[in-house]
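Structure file entry-v7.txt with compact mmCIF, C-alpha atoms:
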# COMPACT_ATOMS: atom_id res chain seq x y z
CA MET A 262 -30.62 -21.58 30.70
CA THR A 263 -28.60 -19.79 28.07
CA PHE A 264 -25.41 -21.16 26.61
CA GLU A 265 -23.36 -18.49 28.38
CA SER A 266 -24.99 -19.08 31.73
CA VAL A 267 -24.31 -22.82 31.55
CA LYS A 268 -20.78 -22.13 30.38
CA ASP A 269 -20.18 -19.87 33.39
CA GLN A 270 -21.38 -22.56 35.78
CA LEU A 271 -19.32 -25.17 33.97
CA SER A 272 -16.25 -22.95 34.28
CA GLU A 273 -16.69 -22.92 38.05
CA ILE A 274 -16.85 -26.70 38.05
CA ILE A 275 -13.75 -27.27 35.95
CA LEU A 276 -11.57 -24.57 37.52
CA PRO A 277 -10.37 -26.69 40.49
CA TYR A 278 -9.19 -29.39 38.11
CA ILE A 279 -7.04 -27.16 35.91
CA PRO A 280 -3.40 -27.73 36.92
CA GLU A 281 -2.50 -24.07 36.41
CA GLY A 282 -5.24 -23.13 38.87
CA LYS A 283 -6.85 -20.58 36.58
CA LEU A 284 -8.96 -20.51 33.48
CA PRO A 285 -7.31 -19.34 30.26
CA ASP A 286 -8.07 -15.76 29.25
CA SER A 287 -10.15 -16.93 26.35
CA LEU A 288 -12.17 -19.99 27.27
CA ASP A 289 -14.02 -20.66 24.05
CA SER A 290 -16.40 -23.38 23.04
CA ASP A 291 -13.71 -25.24 21.12
CA SER A 292 -11.42 -25.52 24.15
CA ASP A 293 -10.58 -29.19 24.57
CA LEU A 294 -10.81 -30.24 28.20
CA MET A 295 -7.66 -32.35 28.05
CA GLU A 296 -5.54 -30.82 25.32
CA ASP A 297 -6.21 -27.14 25.92
CA LEU A 298 -7.06 -27.08 29.61
CA ASN A 299 -4.66 -29.90 30.59
CA ILE A 300 -7.26 -31.68 32.67
CA ASN A 301 -6.27 -35.31 33.16
CA SER A 302 -8.48 -38.23 32.34
CA ALA A 303 -9.26 -39.23 35.90
CA HIS A 304 -10.38 -35.71 36.75
CA ILE A 305 -12.80 -35.80 33.83
CA VAL A 306 -14.68 -38.38 35.88
CA ASP A 307 -14.75 -35.92 38.78
CA ILE A 308 -16.05 -33.18 36.49
CA ILE A 309 -18.81 -35.43 35.20
CA LEU A 310 -19.88 -36.22 38.76
CA ASP A 311 -19.81 -32.52 39.67
CA ILE A 312 -21.88 -31.63 36.60
CA GLU A 313 -24.43 -34.28 37.53
CA ASP A 314 -24.69 -32.83 41.03
CA LYS A 315 -24.84 -29.21 39.97
CA PHE A 316 -27.40 -29.60 37.19
CA ASP A 317 -29.22 -32.62 38.62
CA ILE A 318 -28.75 -34.66 35.48
CA GLU A 319 -27.22 -38.01 34.58
CA ILE A 320 -24.49 -38.41 31.99
CA THR A 321 -24.10 -41.80 30.34
CA ASP A 322 -20.81 -43.30 29.21
CA GLU A 323 -21.71 -42.61 25.57
CA GLU A 324 -22.50 -38.99 26.38
CA ALA A 325 -19.28 -38.64 28.33
CA GLU A 326 -17.46 -39.85 25.24
CA SER A 327 -18.77 -36.93 23.22
CA MET A 328 -17.99 -34.38 25.91
CA LEU A 329 -14.59 -33.45 24.59
CA THR A 330 -14.83 -29.67 24.50
CA VAL A 331 -16.36 -26.94 26.62
CA GLY A 332 -19.00 -26.32 23.94
CA ALA A 333 -19.91 -30.00 23.71
CA ALA A 334 -20.28 -30.16 27.48
CA VAL A 335 -22.51 -27.07 27.55
CA GLN A 336 -24.71 -28.44 24.77
CA LEU A 337 -25.02 -31.78 26.54
CA ILE A 338 -26.09 -30.06 29.75
CA GLN A 339 -28.58 -27.86 27.89
CA SER A 340 -30.08 -30.87 26.13
CA LYS A 341 -30.90 -32.38 29.52
CA GLN A 342 -32.42 -29.32 31.12
CA MET B 176 -20.84 -35.03 61.29
CA SER B 177 -18.12 -37.57 60.57
CA ARG B 178 -20.74 -40.14 59.63
CA ILE B 179 -22.12 -37.78 57.02
CA PHE B 180 -18.57 -37.13 55.83
CA ILE B 181 -17.87 -40.82 55.45
CA SER B 182 -21.22 -41.38 53.83
CA ASN B 183 -20.55 -38.66 51.24
CA HIS B 184 -17.15 -40.11 50.46
CA TRP B 185 -18.64 -43.55 50.12
CA LYS B 186 -21.24 -42.29 47.69
CA ARG B 187 -18.56 -40.52 45.67
CA TYR B 188 -16.47 -43.55 44.97
CA GLU B 189 -19.53 -45.73 44.54
CA ARG B 190 -20.55 -43.34 41.76
CA ILE B 191 -17.04 -43.43 40.30
CA ALA B 192 -17.36 -47.22 40.14
CA GLU B 193 -20.63 -46.85 38.26
CA LYS B 194 -18.96 -44.50 35.78
CA ILE B 195 -15.85 -46.50 35.02
CA LEU B 196 -16.65 -50.20 35.51
CA SER B 197 -18.34 -52.42 32.96
CA THR B 198 -21.35 -54.40 34.12
CA SER B 199 -19.34 -57.55 34.77
CA GLU B 200 -16.54 -55.62 36.48
CA TYR B 201 -19.08 -53.85 38.63
CA HIS B 202 -20.74 -57.08 39.73
CA TYR B 203 -17.35 -58.63 40.47
CA TRP B 204 -16.44 -55.55 42.50
CA LEU B 205 -19.72 -55.82 44.45
CA ASN B 206 -19.00 -59.48 45.17
CA GLN B 207 -15.53 -58.57 46.36
CA GLY B 208 -17.04 -56.32 49.00
CA ARG B 209 -16.84 -53.01 47.12
CA LYS B 210 -13.35 -52.26 48.37
CA LYS B 211 -11.65 -49.06 47.29
CA GLU B 212 -8.47 -51.03 46.67
CA GLU B 213 -10.26 -53.27 44.19
CA LEU B 214 -11.74 -50.25 42.44
CA ALA B 215 -8.28 -48.69 42.22
CA LYS B 216 -6.90 -51.84 40.62
CA TYR B 217 -9.52 -51.81 37.90
CA TRP B 218 -9.14 -48.11 37.33
CA VAL B 219 -5.37 -48.24 37.00
CA ALA B 220 -5.48 -51.29 34.69
CA LYS B 221 -8.15 -49.75 32.48
CA GLU B 222 -6.53 -46.33 32.41
CA ALA B 223 -3.20 -47.92 31.43
CA THR B 224 -4.87 -49.66 28.52
CA TYR B 225 -6.76 -46.54 27.56
CA LYS B 226 -3.48 -44.56 27.53
CA LEU B 227 -1.99 -47.16 25.22
CA THR B 228 -4.92 -47.15 22.80
CA HIS B 229 -4.96 -43.36 22.90
CA ALA B 230 -1.24 -43.16 22.13
CA LEU B 231 -1.76 -45.49 19.20
CA GLY B 232 -4.47 -43.19 17.92
CA PHE B 233 -7.36 -45.58 18.31
CA GLN B 234 -9.51 -43.56 20.61
CA LYS B 235 -10.66 -40.02 21.00
CA ARG B 236 -12.23 -39.75 24.40
CA HIS B 237 -11.15 -38.78 27.87
CA PHE B 238 -11.06 -41.84 30.06
CA ALA B 239 -11.24 -45.60 29.77
CA PRO B 240 -14.68 -46.62 28.53
CA LYS B 241 -16.94 -48.85 30.55
CA SER B 242 -17.10 -51.20 27.58
CA MET B 243 -13.39 -51.90 27.94
CA ASN B 244 -13.84 -55.06 29.93
CA CYS B 245 -10.97 -55.92 32.20
CA MET B 246 -10.33 -59.29 33.78
CA LEU B 247 -8.10 -59.29 36.80
CA ASP B 248 -7.08 -62.39 38.67
CA GLU B 249 -5.79 -62.65 42.20
CA SER B 250 -2.18 -62.70 40.99
CA GLY B 251 -2.65 -59.34 39.32
CA ASN B 252 -2.76 -60.62 35.75
CA ILE B 253 -4.64 -58.27 33.44
CA LYS B 254 -6.52 -59.39 30.36
CA ILE B 255 -8.53 -56.95 28.28
CA HIS B 256 -10.24 -57.31 24.95
CA HIS B 257 -11.31 -54.05 23.40
CA GLY B 258 -12.17 -53.21 19.83
CA ASN B 259 -10.36 -55.72 17.68
CA ALA B 260 -7.37 -56.01 19.93
CA SER B 261 -6.33 -57.93 23.00
CA TYR B 262 -4.20 -56.55 25.75
CA PHE B 263 -2.50 -58.31 28.59
CA GLY B 264 -0.40 -57.23 31.49
CA LYS B 265 0.34 -57.30 35.14
CA LEU B 266 -0.63 -55.22 38.11
CA GLN B 267 1.96 -54.68 40.79
CA LEU B 268 0.89 -53.41 44.17
CA SER B 269 2.85 -52.32 47.13
CA GLU B 270 2.09 -50.15 50.07
CA ARG B 271 3.41 -47.28 47.96
CA GLY B 272 1.02 -47.53 45.07
CA VAL B 273 -0.20 -49.40 42.05
CA LEU B 274 1.66 -50.01 38.80
CA ALA B 275 0.16 -51.58 35.69
CA TRP B 276 2.12 -52.89 32.72
CA VAL B 277 -0.03 -53.51 29.69
CA SER B 278 1.01 -54.72 26.23
CA ARG B 279 -0.95 -54.97 23.05
CA GLU B 280 -0.96 -58.52 21.79
CA SER B 281 1.30 -59.18 18.79
CA GLN B 282 2.83 -55.72 18.93
CA ASN B 283 6.00 -54.48 20.54
CA VAL B 284 4.33 -51.67 22.34
CA ASP B 285 3.46 -51.37 25.95
CA VAL B 286 2.50 -48.95 28.65
CA GLN B 287 3.45 -48.55 32.25
CA HIS B 288 1.04 -46.60 34.34
CA LEU B 289 1.78 -45.83 37.95
CA TRP B 290 -0.29 -44.27 40.68
CA VAL B 291 1.53 -43.25 43.83
CA PRO B 292 -0.17 -41.50 46.71
CA PHE B 293 1.34 -38.46 48.34
CA LYS B 294 0.62 -37.14 51.75
CA ALA B 295 -2.36 -34.86 51.76
CA GLY B 296 -1.57 -31.18 51.97
CA ASN B 297 1.89 -31.62 50.53
CA LYS B 298 1.28 -30.97 46.88
CA GLN B 299 4.20 -28.62 46.29
CA GLU B 300 6.61 -31.18 47.65
CA ALA B 301 4.94 -33.84 45.55
CA ARG B 302 5.32 -31.79 42.38
CA LYS B 303 8.97 -31.13 43.15
CA LYS B 304 9.73 -34.79 43.62
CA LEU B 305 7.75 -35.77 40.60
CA ASN B 306 9.62 -33.30 38.42
CA ALA B 307 13.00 -34.16 39.83
CA GLN B 308 12.60 -37.89 39.50
CA TRP B 309 10.73 -38.14 36.28
CA ILE B 310 10.52 -35.14 34.02
CA ARG B 311 13.76 -33.24 34.51
CA ASN B 312 15.99 -36.27 34.64
CA ALA B 313 14.32 -37.79 31.60
CA GLN B 314 14.14 -41.12 33.32
CA THR B 315 13.34 -44.27 31.43
CA PRO B 316 10.26 -46.33 32.23
CA ASP B 317 12.56 -48.61 34.21
CA THR B 318 12.28 -45.96 36.87
CA LEU B 319 8.64 -46.73 37.51
CA PRO B 320 9.06 -50.05 39.30
CA GLY B 321 11.88 -48.39 41.17
CA ILE B 322 9.62 -45.62 42.32
CA LEU B 323 7.05 -48.14 43.41
CA GLY B 324 9.61 -50.25 45.23
CA ARG B 325 11.73 -47.54 46.77
CA ASP B 326 10.96 -44.12 47.97
CA LEU B 327 9.35 -41.38 46.01
CA LEU B 328 7.44 -40.79 49.18
CA LYS B 329 8.17 -40.71 52.79
CA SER B 330 7.24 -44.09 54.08
CA ILE B 331 3.60 -44.64 54.79
CA SER B 332 2.79 -46.83 57.72
CA SER B 333 0.30 -49.56 57.07
CA ARG B 334 -1.91 -48.01 59.70
CA ASP B 335 -2.05 -44.81 57.67
CA LEU B 336 -2.32 -46.57 54.39
CA ALA B 337 -5.99 -47.33 54.55
CA CYS B 338 -7.01 -43.74 55.05
CA ARG B 339 -4.26 -42.08 53.04
CA THR B 340 -3.74 -44.19 50.00
CA TYR B 341 -7.15 -43.61 48.58
CA SER B 342 -7.72 -40.09 49.73
CA SER B 343 -4.50 -38.17 49.33
CA PRO B 344 -3.15 -36.70 46.08
CA TRP B 345 -1.77 -39.22 43.64
CA ALA B 346 1.16 -38.84 41.34
CA VAL B 347 0.25 -40.49 38.07
CA LEU B 348 3.11 -41.41 35.76
CA THR B 349 2.70 -42.97 32.35
CA ALA B 350 5.16 -44.17 29.75
CA VAL B 351 4.21 -45.74 26.46
CA THR B 352 7.16 -47.44 24.83
CA ASN B 353 8.19 -49.27 21.72
CA PRO B 354 11.34 -51.45 21.72
CA ALA B 355 13.59 -48.56 20.73
CA GLN B 356 12.50 -45.71 22.88
CA VAL B 357 9.91 -44.03 25.01
CA PHE B 358 7.62 -42.21 22.64
CA LEU B 359 5.18 -40.78 25.08
CA LYS B 360 5.41 -40.02 28.71
CA TYR B 361 3.54 -37.72 30.94
CA SER B 362 2.76 -37.16 34.54
CA TYR B 363 0.33 -35.29 36.68
CA LEU B 364 -0.93 -34.96 40.17
CA LEU B 365 -4.34 -36.30 40.83
CA SER B 366 -5.90 -34.83 43.88
CA THR B 367 -9.53 -35.71 43.88
CA THR B 368 -9.89 -39.18 42.53
CA PHE B 369 -11.93 -40.76 45.22
CA PHE B 370 -12.91 -37.84 47.30
CA PRO B 371 -14.16 -34.31 46.84
CA ARG B 372 -11.52 -31.67 46.41
CA GLU B 373 -9.68 -30.69 49.54
CA LYS B 374 -10.01 -27.07 50.51
CA SER B 375 -6.61 -25.40 50.32
Turn the structure described in the file into structure tokens.
Amino acid sequence: MTFESVKDQLSEIILPYIPEGKLPDSLDSDSDLMEDLNINSAHIVDIILDIEDKFDIEITDEEAESMLTVGAAVQLIQSKQ
Amino acid sequence: MSRIFISNHWKRYERIAEKILSTSEYHYWLNQGRKKEELAKYWVAKEATYKLTHALGFQKRHFAPKSMNCMLDESGNIKIHHGNASYFGKLQLSERGVLAWVSRESQNVDVQHLWVPFKAGNKQEARKKLNAQWIRNAQTPDTLPGILGRDLLKSISSRDLACRTYSSPWAVLTAVTNPAQVFLKYSYLLSTTFFPREKS
């Protein structure tokens, strides 16, 4: 899967957890899940579970630690495909 | 149908436990009968400590690591050793929610971290109350035990508690303080902690 295609699917996953209820106009790879998208720490756990379900992968604690931005999350998913 | 529903919910929080608990915490939780309440205690205690370490600039990650090993006794005493630091605190539970106080050893800095459930389907009301009682009035952390002890919520009957407390939206309030002042506080609504997102 291409970077953009994974990013689109990831956007669908994270959308319900954004407090504003919508994605920012420019969701770029550097967007920080917590600082830019205002997703709280407990919901990051939900997102990780949803990613595992959607892409049929497993994300370890160490990998979750590195998943700070949209781009990092996409790359992590791609590396497990 | 309902059995599948319950089964899916069970799997969800079982997986959350696997994501957030250290090996020893996980085994302790299994021995305690895998109760949601016990999982919530660990989560709140660990998240409180994570918020404190994050505020102090020690960590760049998104939630409390599994390696942050938390010891909880039956009286609610919290003891955590993480990195080169020790943390201790207390967990206070009531039918209205869970509050953790955690201090870093040898430093005058502490965190209060409160989770309070709201009735499902009442998120607007929850946000209003949260803003009124916490953000707009610039309340001090002293408010947190008050919220836990009094009435941020309409009262929840103990009969409802079991199904509501761990499935409805939570208000999460955090204050990190030094002796002089609150230097970080934030709040949010948490709607999907233990269960899949409700359809609005």
Proximal residues of chain B relative to chain A (all atoms listed in the file; 6 Å) as a list in words
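Residues passing the distance filter: Arg236, His237 and Phe238 of chain B.
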Mind pulling up the distance from CA of Leu276 (chain A) to CA of Val351 (chain B)?
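According to the coordinates, CA of Val351 (chain B) and CA of Leu276 (chain A) are separated by 28.6 Å.
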Considering only C-alpha atoms, return as a list of chain:residue names whatever protein or nucleic-acid residues lie within 9 Å of Val284 (chain B), sequence-local ones (same chain, fewer than 2 positions apart) excluded.
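The neighbour list is B:Leu227, B:Val277, B:Ser278, B:Arg279, B:Glu280, B:Ser281, B:Gln282, B:Val286, B:Val351, B:Thr352, B:Asn353, B:Pro354.
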CA of Leu266 (chain B) to CA of Lys216 (chain B), straight-line distance in Å
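If I compute the distance from CA of Lys216 (chain B) to CA of Leu266 (chain B), I get 7.6 Å.
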Of the listed residues A:Phe316, A:Glu324, A:Ile308, A:Ser290, that which approaches Phe264 (chain A) most closely, counting all atoms listed in the file
A:Ser290
Å distance separating CA of Lys265 (chain B) from CA of Glu296 (chain A), one decimal place:
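Those two atoms sit 28.8 Å apart.
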With all atoms listed in the file as the counted atoms, please give the residues lying no more than 12 Å from region 251-262 of chain B, apart from itself and same-chain residues fewer than 6 positions off, as a PDB file with C-alpha atoms, keeping the file's coordinate frame.
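Once written, selection07.pdb looks like this:
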ATOM      1  CA  SER B 197     -18.340 -52.420  32.960  1.00  0.00           C
ATOM      2  CA  GLU B 200     -16.540 -55.620  36.480  1.00  0.00           C
ATOM      3  CA  GLU B 213     -10.260 -53.270  44.190  1.00  0.00           C
ATOM      4  CA  LYS B 216      -6.900 -51.840  40.620  1.00  0.00           C
ATOM      5  CA  TYR B 217      -9.520 -51.810  37.900  1.00  0.00           C
ATOM      6  CA  TRP B 218      -9.140 -48.110  37.330  1.00  0.00           C
ATOM      7  CA  VAL B 219      -5.370 -48.240  37.000  1.00  0.00           C
ATOM      8  CA  ALA B 220      -5.480 -51.290  34.690  1.00  0.00           C
ATOM      9  CA  LYS B 221      -8.150 -49.750  32.480  1.00  0.00           C
ATOM     10  CA  GLU B 222      -6.530 -46.330  32.410  1.00  0.00           C
ATOM     11  CA  ALA B 223      -3.200 -47.920  31.430  1.00  0.00           C
ATOM     12  CA  THR B 224      -4.870 -49.660  28.520  1.00  0.00           C
ATOM     13  CA  TYR B 225      -6.760 -46.540  27.560  1.00  0.00           C
ATOM     14  CA  LEU B 227      -1.990 -47.160  25.220  1.00  0.00           C
ATOM     15  CA  THR B 228      -4.920 -47.150  22.800  1.00  0.00           C
ATOM     16  CA  LEU B 231      -1.760 -45.490  19.200  1.00  0.00           C
ATOM     17  CA  PHE B 233      -7.360 -45.580  18.310  1.00  0.00           C
ATOM     18  CA  GLN B 234      -9.510 -43.560  20.610  1.00  0.00           C
ATOM     19  CA  ALA B 239     -11.240 -45.600  29.770  1.00  0.00           C
ATOM     20  CA  PRO B 240     -14.680 -46.620  28.530  1.00  0.00           C
ATOM     21  CA  LYS B 241     -16.940 -48.850  30.550  1.00  0.00           C
ATOM     22  CA  SER B 242     -17.100 -51.200  27.580  1.00  0.00           C
ATOM     23  CA  MET B 243     -13.390 -51.900  27.940  1.00  0.00           C
ATOM     24  CA  ASN B 244     -13.840 -55.060  29.930  1.00  0.00           C
ATOM     25  CA  CYS B 245     -10.970 -55.920  32.200  1.00  0.00           C
ATOM     26  CA  LEU B 268       0.890 -53.410  44.170  1.00  0.00           C
ATOM     27  CA  SER B 269       2.850 -52.320  47.130  1.00  0.00           C
ATOM     28  CA  VAL B 273      -0.200 -49.400  42.050  1.00  0.00           C
ATOM     29  CA  LEU B 274       1.660 -50.010  38.800  1.00  0.00           C
ATOM     30  CA  ALA B 275       0.160 -51.580  35.690  1.00  0.00           C
ATOM     31  CA  TRP B 276       2.120 -52.890  32.720  1.00  0.00           C
ATOM     32  CA  VAL B 277      -0.030 -53.510  29.690  1.00  0.00           C
ATOM     33  CA  SER B 278       1.010 -54.720  26.230  1.00  0.00           C
ATOM     34  CA  ARG B 279      -0.950 -54.970  23.050  1.00  0.00           C
ATOM     35  CA  GLU B 280      -0.960 -58.520  21.790  1.00  0.00           C
ATOM     36  CA  SER B 281       1.300 -59.180  18.790  1.00  0.00           C
ATOM     37  CA  GLN B 282       2.830 -55.720  18.930  1.00  0.00           C
ATOM     38  CA  ASN B 283       6.000 -54.480  20.540  1.00  0.00           C
ATOM     39  CA  VAL B 284       4.330 -51.670  22.340  1.00  0.00           C
ATOM     40  CA  ASP B 285       3.460 -51.370  25.950  1.00  0.00           C
ATOM     41  CA  VAL B 286       2.500 -48.950  28.650  1.00  0.00           C
TER      42      VAL B 286
END
Set the distance at 10 Å and use all atoms listed in the file: which residues neighbour Leu288 (chain A) once local chain neighbours fewer than 5 positions away are removed? I'd like the list as a ChimeraX atom specification.
/A:268,272,293,297-298,331-332
Select, from B:Ala215, B:Leu247, B:Lys235, B:Glu189, the residue with the minimum atom-to-atom distance to Tyr203 (chain B), counting only C-alpha atoms.
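That would be B:Leu247, the residue with the smallest distance to Tyr203 (chain B).
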Which polymer residues have any atom within 12 Å of an atom of Arg190 (chain B), counting all atoms listed in the file, with same-chain residues fewer than 3 positions away left out, as a PyMOL selection string?
(chain A and resi 306-307+309-311+313-314+319-320) or (chain B and resi 183-187+193-196+201+209+211+214+368-370)
Can those selected residues be exported to a file as a PDB file, in the frame of the given file so that it contains C-alpha atoms?
ATOM      1  CA  VAL A 306     -14.680 -38.380  35.880  1.00  0.00           C
ATOM      2  CA  ASP A 307     -14.750 -35.920  38.780  1.00  0.00           C
ATOM      3  CA  ILE A 309     -18.810 -35.430  35.200  1.00  0.00           C
ATOM      4  CA  LEU A 310     -19.880 -36.220  38.760  1.00  0.00           C
ATOM      5  CA  ASP A 311     -19.810 -32.520  39.670  1.00  0.00           C
ATOM      6  CA  GLU A 313     -24.430 -34.280  37.530  1.00  0.00           C
ATOM      7  CA  ASP A 314     -24.690 -32.830  41.030  1.00  0.00           C
ATOM      8  CA  GLU A 319     -27.220 -38.010  34.580  1.00  0.00           C
ATOM      9  CA  ILE A 320     -24.490 -38.410  31.990  1.00  0.00           C
TER      10      ILE A 320
ATOM     11  CA  ASN B 183     -20.550 -38.660  51.240  1.00  0.00           C
ATOM     12  CA  HIS B 184     -17.150 -40.110  50.460  1.00  0.00           C
ATOM     13  CA  TRP B 185     -18.640 -43.550  50.120  1.00  0.00           C
ATOM     14  CA  LYS B 186     -21.240 -42.290  47.690  1.00  0.00           C
ATOM     15  CA  ARG B 187     -18.560 -40.520  45.670  1.00  0.00           C
ATOM     16  CA  GLU B 193     -20.630 -46.850  38.260  1.00  0.00           C
ATOM     17  CA  LYS B 194     -18.960 -44.500  35.780  1.00  0.00           C
ATOM     18  CA  ILE B 195     -15.850 -46.500  35.020  1.00  0.00           C
ATOM     19  CA  LEU B 196     -16.650 -50.200  35.510  1.00  0.00           C
ATOM     20  CA  TYR B 201     -19.080 -53.850  38.630  1.00  0.00           C
ATOM     21  CA  ARG B 209     -16.840 -53.010  47.120  1.00  0.00           C
ATOM     22  CA  LYS B 211     -11.650 -49.060  47.290  1.00  0.00           C
ATOM     23  CA  LEU B 214     -11.740 -50.250  42.440  1.00  0.00           C
ATOM     24  CA  THR B 368      -9.890 -39.180  42.530  1.00  0.00           C
ATOM     25  CA  PHE B 369     -11.930 -40.760  45.220  1.00  0.00           C
ATOM     26  CA  PHE B 370     -12.910 -37.840  47.300  1.00  0.00           C
TER      27      PHE B 370
END
For Leu289 (chain B), which of B:Leu348, B:Asp248, B:Gly264, B:Gly232 is the closest residue, counting only C-alpha atoms?
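Looking at the shortest contact to Leu289 (chain B), the residue is B:Leu348.
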